[in-house]
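Student: Please find start02.cif (mmCIF, C-alpha atoms and all ligand atoms) on the next line:
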data_coords
loop_
_atom_site.label_atom_id
_atom_site.label_comp_id
_atom_site.auth_asym_id
_atom_site.auth_seq_id
_atom_site.Cartn_x
_atom_site.Cartn_y
_atom_site.Cartn_z
CA MET A 1 0.00 0.00 0.00
CA GLN A 2 1.23 3.52 -0.80
CA PHE A 3 0.74 6.60 1.39
CA ILE A 4 -0.47 8.48 -1.71
CA ASP A 5 -1.25 6.67 -4.97
CA LEU A 6 -0.46 8.93 -7.94
CA LYS A 7 -0.05 6.10 -10.47
CA THR A 8 -3.73 5.23 -10.82
CA GLN A 9 -4.50 8.85 -11.59
CA GLN A 10 -1.72 9.00 -14.15
CA ALA A 11 -3.02 5.90 -15.92
CA ALA A 12 -6.54 7.36 -15.99
CA ILE A 13 -5.47 10.60 -17.71
CA LYS A 14 -2.63 9.21 -19.84
CA ALA A 15 -3.97 10.19 -23.27
CA ASN A 16 -4.79 13.73 -22.19
CA LEU A 17 -1.44 14.07 -20.46
CA GLU A 18 0.54 12.96 -23.50
CA ARG A 19 -1.41 15.25 -25.81
CA ARG A 20 -0.90 18.26 -23.51
CA ILE A 21 2.83 17.63 -23.03
CA HIS A 22 3.28 17.06 -26.75
CA ASP A 23 1.54 20.39 -27.50
CA VAL A 24 4.08 22.23 -25.34
CA LEU A 25 7.01 20.42 -26.95
CA SER A 26 5.69 21.42 -30.38
CA HIS A 27 5.10 25.11 -29.71
CA GLY A 28 8.23 25.44 -27.54
CA GLN A 29 7.00 28.33 -25.35
CA TYR A 30 8.37 26.84 -22.14
CA ILE A 31 7.92 30.06 -20.19
CA MET A 32 4.55 31.86 -20.26
CA GLY A 33 3.18 29.72 -23.08
CA ALA A 34 -0.55 29.69 -23.89
CA GLU A 35 -1.22 26.97 -21.27
CA VAL A 36 -0.32 29.41 -18.48
CA ALA A 37 -3.17 31.81 -19.26
CA GLU A 38 -5.51 28.88 -20.00
CA LEU A 39 -4.83 27.36 -16.58
CA GLU A 40 -5.17 30.73 -14.82
CA LYS A 41 -8.56 31.33 -16.44
CA THR A 42 -9.76 27.79 -15.60
CA LEU A 43 -8.72 28.05 -11.94
CA ALA A 44 -9.99 31.62 -11.46
CA ASP A 45 -13.42 30.54 -12.76
CA TYR A 46 -13.43 27.50 -10.46
CA VAL A 47 -12.60 29.53 -7.36
CA SER A 48 -14.85 32.45 -8.50
CA ALA A 49 -11.97 34.90 -8.17
CA ARG A 50 -11.35 37.74 -10.64
CA HIS A 51 -7.66 36.86 -10.93
CA CYS A 52 -5.44 33.80 -10.75
CA ILE A 53 -1.67 34.34 -10.90
CA SER A 54 0.26 31.10 -11.38
CA VAL A 55 3.63 31.03 -9.61
CA ALA A 56 6.63 28.75 -9.09
CA SER A 57 5.40 27.10 -5.85
CA GLY A 58 3.10 27.50 -2.88
CA THR A 59 5.96 29.09 -0.96
CA GLU A 60 6.45 31.61 -3.76
CA ALA A 61 2.71 32.38 -3.71
CA LEU A 62 2.87 33.31 -0.01
CA LEU A 63 6.09 35.31 -0.51
CA ILE A 64 4.70 37.27 -3.46
CA ALA A 65 1.48 38.03 -1.56
CA LEU A 66 3.44 39.50 1.37
CA MET A 67 5.70 41.43 -1.05
CA ALA A 68 2.61 42.91 -2.72
CA PHE A 69 1.80 44.55 0.64
CA GLY A 70 5.39 45.71 1.09
CA VAL A 71 5.92 43.60 4.23
CA GLY A 72 9.44 44.18 5.58
CA PRO A 73 11.62 44.69 8.68
CA GLY A 74 9.71 45.88 11.75
CA ASP A 75 6.41 44.45 10.51
CA GLU A 76 4.47 41.61 12.10
CA VAL A 77 2.44 38.90 10.43
CA ILE A 78 0.00 36.77 12.43
CA THR A 79 -0.21 33.06 11.66
CA ALA A 80 -0.41 29.61 13.30
CA PRO A 81 2.67 27.67 14.46
CA PHE A 82 1.13 24.29 13.60
CA THR A 83 1.78 24.22 9.85
CA PHE A 84 4.38 23.47 7.20
CA VAL A 85 7.46 25.66 7.61
CA ALA A 86 6.85 27.67 4.41
CA THR A 87 4.01 29.62 6.06
CA ALA A 88 6.43 31.33 8.46
CA GLU A 89 9.54 31.09 6.30
CA VAL A 90 8.28 33.75 3.90
CA ILE A 91 7.63 36.13 6.83
CA VAL A 92 11.18 35.93 8.20
CA LEU A 93 12.68 36.01 4.69
CA LEU A 94 11.24 39.51 4.34
CA GLY A 95 12.66 40.55 7.72
CA ALA A 96 9.26 40.62 9.43
CA LYS A 97 8.27 38.86 12.63
CA PRO A 98 5.89 35.89 12.79
CA VAL A 99 3.38 36.36 15.60
CA PHE A 100 2.00 32.91 16.34
CA VAL A 101 -1.53 32.35 17.58
CA ASP A 102 -2.44 28.90 18.87
CA VAL A 103 -4.78 26.57 17.00
CA GLU A 104 -8.06 24.95 18.04
CA PRO A 105 -7.93 21.36 19.33
CA ALA A 106 -10.93 20.21 17.26
CA THR A 107 -9.67 21.42 13.87
CA ALA A 108 -5.93 22.20 14.17
CA ASN A 109 -6.72 25.55 12.52
CA ILE A 110 -5.95 28.99 13.99
CA ASN A 111 -8.15 30.08 16.89
CA ALA A 112 -9.95 33.05 15.32
CA ALA A 113 -11.08 34.41 18.70
CA SER A 114 -7.45 34.77 19.86
CA ILE A 115 -6.27 36.82 16.88
CA ALA A 116 -7.52 40.25 18.01
CA SER A 117 -5.35 40.28 21.15
CA LYS A 118 -2.22 39.79 19.01
CA ILE A 119 -2.90 42.63 16.56
CA SER A 120 -0.63 45.67 16.96
CA SER A 121 0.15 48.78 14.92
CA ARG A 122 2.86 46.71 13.21
CA THR A 123 0.52 43.94 12.01
CA LYS A 124 0.68 43.94 8.20
CA ALA A 125 -1.11 40.70 7.36
CA ILE A 126 -2.84 37.63 8.80
CA ILE A 127 -2.14 34.19 7.28
CA PRO A 128 -4.68 31.58 8.40
CA VAL A 129 -3.74 28.08 7.22
CA SER A 130 -6.49 25.75 6.00
CA LEU A 131 -4.70 22.72 7.38
CA TYR A 132 -5.26 19.17 6.12
CA GLY A 133 -7.73 20.48 3.53
CA GLN A 134 -10.35 22.11 5.74
CA VAL A 135 -10.83 25.89 5.61
CA ALA A 136 -10.12 27.85 8.81
CA ASP A 137 -12.82 30.12 10.35
CA ILE A 138 -12.26 32.61 7.56
CA ASP A 139 -15.39 34.78 7.99
CA GLU A 140 -14.50 35.45 11.64
CA ILE A 141 -10.88 36.15 10.65
CA ASN A 142 -11.90 38.52 7.84
CA ALA A 143 -14.19 40.33 10.30
CA VAL A 144 -11.40 40.81 12.87
CA ALA A 145 -9.08 42.04 10.11
CA ALA A 146 -11.72 44.47 8.85
CA THR A 147 -12.34 46.01 12.28
CA HIS A 148 -8.59 46.60 12.74
CA GLY A 149 -8.09 48.84 9.72
CA ASN A 150 -8.58 46.29 6.94
CA ILE A 151 -5.52 44.16 7.59
CA PRO A 152 -4.98 41.92 4.52
CA VAL A 153 -5.85 38.25 5.01
CA ILE A 154 -3.88 35.66 3.01
CA GLU A 155 -5.39 32.18 3.18
CA ASP A 156 -2.63 29.54 3.05
CA GLY A 157 -4.74 27.13 1.02
CA ALA A 158 -1.81 24.92 -0.03
CA GLN A 159 -3.72 21.91 1.29
CA SER A 160 -7.30 23.05 0.70
CA PHE A 161 -7.71 23.79 -3.01
CA GLY A 162 -11.13 22.32 -3.87
CA ALA A 163 -12.55 22.58 -0.33
CA THR A 164 -15.69 24.63 0.28
CA TYR A 165 -16.65 27.03 3.06
CA ARG A 166 -20.27 28.19 3.37
CA GLY A 167 -20.82 27.38 -0.29
CA ARG A 168 -17.71 29.23 -1.49
CA LYS A 169 -14.39 27.78 -2.63
CA SER A 170 -11.15 27.84 -0.64
CA CYS A 171 -8.61 30.37 -1.99
CA GLY A 172 -11.40 32.75 -3.04
CA LEU A 173 -12.37 33.78 0.50
CA SER A 174 -10.00 36.59 1.50
CA THR A 175 -7.68 39.33 0.18
CA PHE A 176 -5.40 36.70 -1.32
CA GLY A 177 -5.72 32.92 -1.49
CA ALA A 178 -2.44 31.04 -1.96
CA THR A 179 -2.16 27.43 -3.04
CA SER A 180 0.46 24.84 -4.00
CA PHE A 181 0.59 22.30 -6.83
CA PHE A 182 3.33 20.19 -5.20
CA PRO A 183 2.74 16.64 -6.52
CA SER A 184 1.08 15.29 -3.36
CA LYS A 185 -1.35 18.21 -2.85
CA PRO A 186 -5.01 17.79 -3.82
CA LEU A 187 -4.27 19.37 -7.22
CA GLY A 188 -0.64 18.44 -7.88
CA CYS A 189 1.54 18.87 -10.96
CA TYR A 190 4.71 16.89 -11.74
CA GLY A 191 7.12 19.31 -10.13
CA ASP A 192 6.73 22.60 -8.28
CA GLY A 193 3.90 25.03 -8.90
CA GLY A 194 1.45 27.29 -7.11
CA ALA A 195 -1.07 30.08 -7.53
CA LEU A 196 -2.46 33.23 -5.99
CA PHE A 197 -6.11 34.28 -6.23
CA THR A 198 -7.57 37.72 -5.63
CA ASN A 199 -10.49 39.94 -6.59
CA ASP A 200 -8.38 43.11 -6.30
CA ASP A 201 -7.13 44.39 -9.68
CA ALA A 202 -4.24 46.42 -8.24
CA LEU A 203 -3.01 43.52 -6.10
CA ALA A 204 -3.23 41.18 -9.09
CA THR A 205 -1.08 43.56 -11.15
CA ALA A 206 1.43 43.83 -8.30
CA ALA A 207 1.61 40.04 -7.95
CA ARG A 208 2.08 39.57 -11.71
CA GLU A 209 4.91 42.13 -11.74
CA ILE A 210 6.63 40.67 -8.65
CA ARG A 211 6.42 37.20 -10.22
CA THR A 212 8.55 38.47 -13.13
CA HIS A 213 11.34 40.44 -11.42
CA GLY A 214 9.15 43.42 -10.58
CA GLN A 215 8.82 44.18 -14.27
CA SER A 216 5.95 46.40 -15.45
CA LYS A 217 7.29 46.40 -19.03
CA ARG A 218 10.25 44.59 -20.51
CA TYR A 219 13.38 45.89 -18.71
CA VAL A 220 11.36 48.38 -16.66
CA HIS A 221 11.63 47.22 -13.04
CA THR A 222 9.03 49.20 -11.13
CA ARG A 223 9.45 47.22 -7.93
CA ILE A 224 11.61 44.50 -6.39
CA GLY A 225 10.47 41.09 -7.57
CA VAL A 226 11.51 37.46 -7.88
CA GLY A 227 11.86 34.83 -10.61
CA GLY A 228 8.61 33.19 -9.64
CA ARG A 229 6.81 31.94 -12.75
CA MET A 230 5.24 28.52 -13.15
CA ASP A 231 6.54 26.48 -16.12
CA THR A 232 4.27 26.04 -19.13
CA LEU A 233 4.76 22.26 -18.92
CA GLN A 234 3.48 22.16 -15.34
CA CYS A 235 0.44 24.23 -16.34
CA ALA A 236 -0.18 21.77 -19.20
CA ILE A 237 -0.05 18.86 -16.74
CA LEU A 238 -2.65 20.49 -14.50
CA LEU A 239 -4.87 21.13 -17.53
CA ALA A 240 -4.63 17.41 -18.34
CA LYS A 241 -5.65 16.58 -14.76
CA TRP A 242 -8.43 19.13 -14.65
CA PRO A 243 -11.32 17.10 -16.18
CA ARG A 244 -10.91 14.55 -13.36
CA PHE A 245 -10.47 17.02 -10.50
CA GLU A 246 -14.14 17.52 -9.56
CA TRP A 247 -14.58 13.74 -9.30
CA GLU A 248 -11.42 13.51 -7.19
CA VAL A 249 -12.68 16.17 -4.77
CA ALA A 250 -15.94 14.25 -4.34
CA GLU A 251 -14.00 11.00 -3.79
CA ARG A 252 -11.73 12.65 -1.22
CA GLU A 253 -14.80 13.83 0.68
CA ARG A 254 -16.47 10.41 0.48
CA ILE A 255 -13.31 8.55 1.55
CA GLY A 256 -12.74 10.97 4.45
CA HIS A 257 -16.27 10.47 5.64
CA ARG A 258 -15.91 6.70 5.32
CA TYR A 259 -12.73 6.82 7.44
CA GLY A 260 -14.66 8.78 10.09
CA THR A 261 -17.46 6.22 10.20
CA LEU A 262 -15.21 3.13 10.16
CA LEU A 263 -12.78 4.45 12.75
CA ALA A 264 -15.55 5.55 15.10
CA GLU A 265 -17.02 2.04 14.94
CA ALA A 266 -13.66 0.30 15.43
CA ILE A 267 -12.08 2.56 18.04
CA PRO A 268 -14.28 3.92 20.85
CA SER A 269 -11.88 6.77 21.71
CA PHE A 270 -11.41 7.83 18.08
CA ARG A 271 -11.54 11.59 17.40
CA PRO A 272 -11.09 12.93 13.85
CA LEU A 273 -9.39 16.26 13.29
CA GLU A 274 -12.05 17.22 10.81
CA PRO A 275 -15.33 17.06 12.71
CA ALA A 276 -17.32 17.07 9.46
CA ASP A 277 -16.29 13.42 9.12
CA LEU A 278 -18.31 12.24 12.10
CA GLN A 279 -22.08 11.91 12.05
CA ALA A 280 -23.57 14.80 14.04
CA PRO A 281 -24.94 12.73 16.99
CA LEU A 282 -21.67 10.84 17.35
CA ALA A 283 -19.66 14.05 17.19
CA SER A 284 -21.70 15.78 19.87
CA ALA A 285 -21.54 12.65 22.08
CA ARG A 286 -17.75 13.03 21.86
CA GLY A 287 -17.83 16.74 22.62
CA LEU A 288 -17.00 18.01 19.13
CA LYS A 289 -18.62 20.89 17.30
CA VAL A 290 -19.72 19.66 13.89
CA LEU A 291 -18.58 21.91 11.06
CA SER A 292 -21.34 21.23 8.57
CA ASP A 293 -20.68 24.58 6.86
CA ARG A 294 -17.50 23.35 5.13
CA THR A 295 -16.07 20.37 3.28
CA SER A 296 -12.53 19.04 3.38
CA VAL A 297 -10.40 17.84 0.46
CA HIS A 298 -8.34 15.77 2.92
CA ALA A 299 -4.90 16.70 1.67
CA GLN A 300 -4.09 14.52 4.69
CA TYR A 301 -6.38 12.28 6.70
CA THR A 302 -5.01 13.03 10.13
CA ILE A 303 -6.12 11.62 13.47
CA LEU A 304 -4.91 11.69 17.08
CA VAL A 305 -3.33 8.67 18.76
CA PRO A 306 -1.60 8.05 22.09
CA HIS A 307 2.05 6.83 22.04
CA ARG A 308 2.39 7.92 18.43
CA ALA A 309 5.95 6.73 17.76
CA GLU A 310 5.04 3.22 18.79
CA VAL A 311 1.76 3.24 16.84
CA GLN A 312 3.59 4.43 13.75
CA GLN A 313 6.29 1.80 14.07
CA ARG A 314 3.78 -1.02 14.51
CA LEU A 315 1.65 0.16 11.57
CA ASN A 316 4.78 0.33 9.46
CA ALA A 317 5.64 -3.24 10.44
CA ALA A 318 2.12 -4.25 9.34
CA GLY A 319 2.73 -2.67 5.92
CA ILE A 320 0.64 0.46 6.56
CA PRO A 321 2.52 3.66 5.67
CA THR A 322 1.82 6.78 7.72
CA ALA A 323 3.27 10.28 8.08
CA VAL A 324 3.40 13.00 10.73
CA HIS A 325 2.16 16.48 9.82
CA TYR A 326 3.86 18.07 11.81
CA PRO A 327 6.06 16.84 14.66
CA VAL A 328 7.34 20.24 15.90
CA PRO A 329 5.42 23.55 16.00
CA LEU A 330 7.32 26.33 14.24
CA ASN A 331 7.80 28.41 17.40
CA GLU A 332 9.86 25.49 18.79
CA GLN A 333 12.03 25.12 15.68
CA PRO A 334 15.68 26.17 16.16
CA ALA A 335 15.69 28.70 13.32
CA TYR A 336 12.40 30.32 14.37
CA ARG A 337 12.09 30.26 18.16
CA ASP A 338 14.15 33.44 18.69
CA LEU A 339 12.49 35.33 15.85
CA CYS A 340 8.85 35.03 16.90
CA ASN A 341 6.63 36.02 19.84
CA ASP A 342 7.05 33.92 22.97
CA ASP A 343 3.40 33.38 23.89
CA PRO A 344 2.77 29.73 24.79
CA THR A 345 0.81 27.65 22.26
CA PRO A 346 -0.07 24.52 24.25
CA VAL A 347 -2.62 23.14 21.79
CA SER A 348 -0.08 23.16 18.95
CA ALA A 349 2.49 21.50 21.20
CA TRP A 350 0.02 18.78 22.17
CA LEU A 351 -1.19 18.15 18.60
CA ALA A 352 2.41 17.92 17.37
CA GLN A 353 2.90 14.94 19.68
CA HIS A 354 -0.32 13.11 18.81
CA VAL A 355 -1.14 13.59 15.11
CA ILE A 356 -0.68 10.83 12.58
CA SER A 357 -1.75 10.88 8.93
CA LEU A 358 -3.17 7.75 7.30
CA PRO A 359 -2.99 6.74 3.61
CA MET A 360 -5.31 9.04 1.65
CA GLY A 361 -6.15 10.02 -1.89
CA PRO A 362 -8.95 9.88 -4.45
CA ASP A 363 -7.75 6.45 -5.62
CA LEU A 364 -7.51 4.79 -2.21
CA SER A 365 -9.52 1.57 -2.56
CA GLU A 366 -12.12 0.50 0.01
CA ALA A 367 -10.10 -2.70 0.56
CA ASP A 368 -6.96 -0.72 1.43
CA GLN A 369 -8.97 1.60 3.62
CA ASN A 370 -10.43 -1.41 5.49
CA THR A 371 -6.88 -2.75 5.96
CA VAL A 372 -5.75 0.56 7.47
CA VAL A 373 -8.69 0.69 9.90
CA ALA A 374 -8.29 -2.95 10.97
CA GLY A 375 -4.53 -2.47 11.32
CA LEU A 376 -4.97 0.56 13.53
CA GLN A 377 -7.60 -1.19 15.63
CA ASN A 378 -5.25 -4.18 16.15
CA VAL A 379 -2.26 -2.02 17.03
CA LEU A 380 -4.18 0.12 19.52
CA SER A 381 -5.85 -2.82 21.25
CA ALA A 382 -2.58 -4.82 21.44
CA MET A 383 -0.85 -1.79 22.94
CA SER A 384 -3.58 -1.19 25.48
CA VAL A 385 -3.52 -4.86 26.58
CA GLU A 386 0.28 -4.74 26.95
CA LYS A 387 0.23 -1.47 28.85
CA THR A 388 -2.48 -2.71 31.22
CA ALA A 389 -0.48 -5.90 31.87
CA ALA A 390 2.71 -3.90 32.44
CA ALA A 391 0.94 -1.68 34.95
CA ARG A 392 -0.08 -4.64 37.11
C1 LIG B 1 2.90 22.54 0.84
C2 LIG B 1 2.64 23.72 1.68
C3 LIG B 1 3.22 24.98 1.42
C4 LIG B 1 4.30 25.19 0.40
O1 LIG B 1 4.00 24.78 -0.88
P1 LIG B 1 5.20 24.42 -1.89
O2 LIG B 1 4.52 24.35 -3.22
O3 LIG B 1 5.79 23.13 -1.47
O4 LIG B 1 6.19 25.53 -1.83
C5 LIG B 1 2.84 26.05 2.21
N1 LIG B 1 1.94 25.91 3.21
C6 LIG B 1 1.38 24.72 3.50
C7 LIG B 1 0.38 24.65 4.61
C8 LIG B 1 1.72 23.58 2.77
O5 LIG B 1 1.17 22.41 3.07
#
Would you kindly transcribe this structure into structure tokens?
Ligand SMILES: *Cc1c(COP(=O)(O)O)cnc(C)c1O
Tutor:
Amino acid sequence: MQFIDLKTQQAAIKANLERRIHDVLSHGQYIMGAEVAELEKTLADYVSARHCISVASGTEALLIALMAFGVGPGDEVITAPFTFVATAEVIVLLGAKPVFVDVEPATANINAASIASKISSRTKAIIPVSLYGQVADIDEINAVAATHGNIPVIEDGAQSFGATYRGRKSCGLSTFGATSFFPSKPLGCYGDGGALFTNDDALATAAREIRTHGQSKRYVHTRIGVGGRMDTLQCAILLAKWPRFEWEVAERERIGHRYGTLLAEAIPSFRPLEPADLQAPLASARGLKVLSDRTSVHAQYTILVPHRAEVQQRLNAAGIPTAVHYPVPLNEQPAYRDLCNDDPTPVSAWLAQHVISLPMGPDLSEADQNTVVAGLQNVLSAMSVEKTAAAR
């Protein structure tokens, strides 16, 4: 069993893929070829945003968004410490300070109610992360940002492209939406890629210029930029994947929900990190608020387990691959701990010790999913028997 199966998808779209790649090889416009604009139009329509700006990676998307607001030394950017390093990396790269706000235990997303107390006159942006594929409490975050002088909100939707929030699409919910097309993300190319989404014409122009060395016209550098374009070939690959994407999103949702149901039956203490995956009565019996206003694309299917290292090792021995997203919150990382605020973030610290991600993807078979659930049930019950015996 693979942690993420990309081969089945490739076989399903083979003809389209070969045609699209061949088209690029024939026209030879490897940078900013016609496929770039075609992809941007397709994705902007999907997200219902006025503009899509394709960029070299998800990291580059976040960096360019902050550069469009002129974020620099002395500025602060509010975000969550329980995320992939890129979210905070771009802040410190620009000389600004990450101000971490703890996440919520039920969702692993930023605690919207705690943001206001961390806003200062230096706050230049807020970056909520839609972790594991489920959108953060973006309406509440937008409202806090609006009442504090319209602070820009950049959704880090690297894991949530395709997810919905109150009927709207992730990445089209705030000042900027940033996503990644890293191969294992819900919409992944065959290399690095990413995109920014916005409804603001001036910000879109700024992002397009920054993406190409701050160029407003050839050899006229109006601002400082980066070499941040997405390759035509990678855009062509996403266009080949596109006709299957809607089906994949629906499958991801169905498979996530099936995990929730099976795990709740097999493991009495089971608690998903995406409460939408539990039936409402079961969720409230376990003290969780059900988020029926949003769907997840399950970039990861992540749950909480005790004694994680041992669980992971035993699952591995049983042929079940797992991963940990993420073992150390960013405010505890050596390169970051002296550069950020020192407020404690106990929920992030606790989650970092207990999260484990199970095999997931639109092509995960029901048989493999059953194997994962049974394997986890066996490992947890064997461990609990052994620990009880050892305690006697
Ligand atoms: C993957 C990821 C990124 C970075 O995307 P890349 O395309 O790998 O640069 C940023 N934030 C989050 C939350 C991610 O998961």
Student: Here is a test: counting only C-alpha atoms and all ligand atoms, which residue of A:Ala112, A:Met230, A:Leu203, A:Val24 is nearest to ligand LIG 1 (chain B)?
Tutor: A:Met230
Student: Grab the CA of His325 (chain A) to CA of Lys124 (chain A) distance for me, in Å with one decimal place.
Tutor: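 Interatomic distance here is 27.5 Å.
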Student: I need the residue nearest Ala56 (chain A) from this list: A:Thr147, A:Thr175, A:Thr232, A:Gln159. Use all atoms listed in the file for the distance.
Tutor: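 Checking each candidate against Ala56 (chain A), we get A:Thr232 as the closest.
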Student: Edge lengths and centre, in Å to one decimal, as AutoDock Vina command-line options: that's what I need for the box along x, y and z that holds all listed atoms of region 39-58 of chain A plus 6 Å on each side.
Tutor:
--center_x -4.1 --center_y 32.4 --center_z -9.7 --size_x 33.5 --size_y 22.6 --size_z 25.7
Student: How would you report the residues lying within 9 Å of ligand LIG 1 (chain B), as number ranges by chain, if you count all atoms listed in the file?
Tutor: A: 56-62, 83-88, 129-132, 156-160, 178-185, 191-194, 299
Student: For region 92-101 of chain A, work out the shell of residues within 7 Å, counting all atoms listed in the file and skipping chain neighbours fewer than 4 positions away, then give it as number ranges by chain.
Tutor: A: 71-81, 88, 110, 114-115, 339-341
Student: Output C-alpha atoms for every residue in the selection just made, as a short mmCIF file (atom, residue, chain, number, x, y, z; two decimals), in the frame of the given file.
Tutor:
data_model
loop_
_atom_site.label_atom_id
_atom_site.label_comp_id
_atom_site.auth_asym_id
_atom_site.auth_seq_id
_atom_site.Cartn_x
_atom_site.Cartn_y
_atom_site.Cartn_z
CA VAL A 71 5.92 43.60 4.23
CA GLY A 72 9.44 44.18 5.58
CA PRO A 73 11.62 44.69 8.68
CA GLY A 74 9.71 45.88 11.75
CA ASP A 75 6.41 44.45 10.51
CA GLU A 76 4.47 41.61 12.10
CA VAL A 77 2.44 38.90 10.43
CA ILE A 78 0.00 36.77 12.43
CA THR A 79 -0.21 33.06 11.66
CA ALA A 80 -0.41 29.61 13.30
CA PRO A 81 2.67 27.67 14.46
CA ALA A 88 6.43 31.33 8.46
CA ILE A 110 -5.95 28.99 13.99
CA SER A 114 -7.45 34.77 19.86
CA ILE A 115 -6.27 36.82 16.88
CA LEU A 339 12.49 35.33 15.85
CA CYS A 340 8.85 35.03 16.90
CA ASN A 341 6.63 36.02 19.84
#
Student: In terms of the shortest atom-to-atom distance over all atoms listed in the file, which of A:Pro344, A:Met383, A:Ile4, A:Ala12 is closest to Ser357 (chain A)?
Tutor: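 Once distances to Ser357 (chain A) are computed over all atoms listed in the file, the minimum belongs to A:Ile4.
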Student: So what do you get for CA of Phe197 (chain A) versus CA of Phe3 (chain A), distance-wise?
Tutor: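 The value is 29.5 Å.
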Student: Counting only C-alpha atoms, which of A:Asn150, A:Asn109, A:Ser48, A:Gln215 gets nearest to Leu351 (chain A)?
Tutor: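 Looking only at the distances to Leu351 (chain A), the closest residue turns out to be A:Asn109.
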Student: Using all atoms listed in the file, give me every residue within 10 Å of (-12.2, 28.6, 2.3) in file coordinates, as a PyMOL selection string.
Tutor: chain A and resi 47+129-130+133-139+155-157+160-174+177+294-296
Student: Between A:Val328, A:Ala68, A:Val355, A:Leu63, which has the minimum distance to Ala206 (chain A) (counting all atoms listed in the file)?
Tutor: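 Nearest to Ala206 (chain A): A:Ala68.
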Student: To one decimal in Å, tell me the separation between CA of Thr261 (chain A) and CA of Leu278 (chain A).
Tutor: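 That distance, rounded to one decimal, is 6.4 Å.
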Student: Using only C-alpha atoms, which of the listed residues (A:Gly70, A:Pro128, A:Ala65, A:Asn111) sits closest to Arg208 (chain A)?
Tutor: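 Closest candidate: A:Ala65.
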Student: Show me, as a list in words, the residues that have an atom within 9 Å of Arg50 (chain A) when counting all atoms listed in the file, minus same-chain residues fewer than 3 positions from it.
Tutor: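 In the requested form, the answer reads Ala44, Asp45, Val47, Phe197, Thr198, Asn199, Asp200, Asp201 and Ala204 of chain A.
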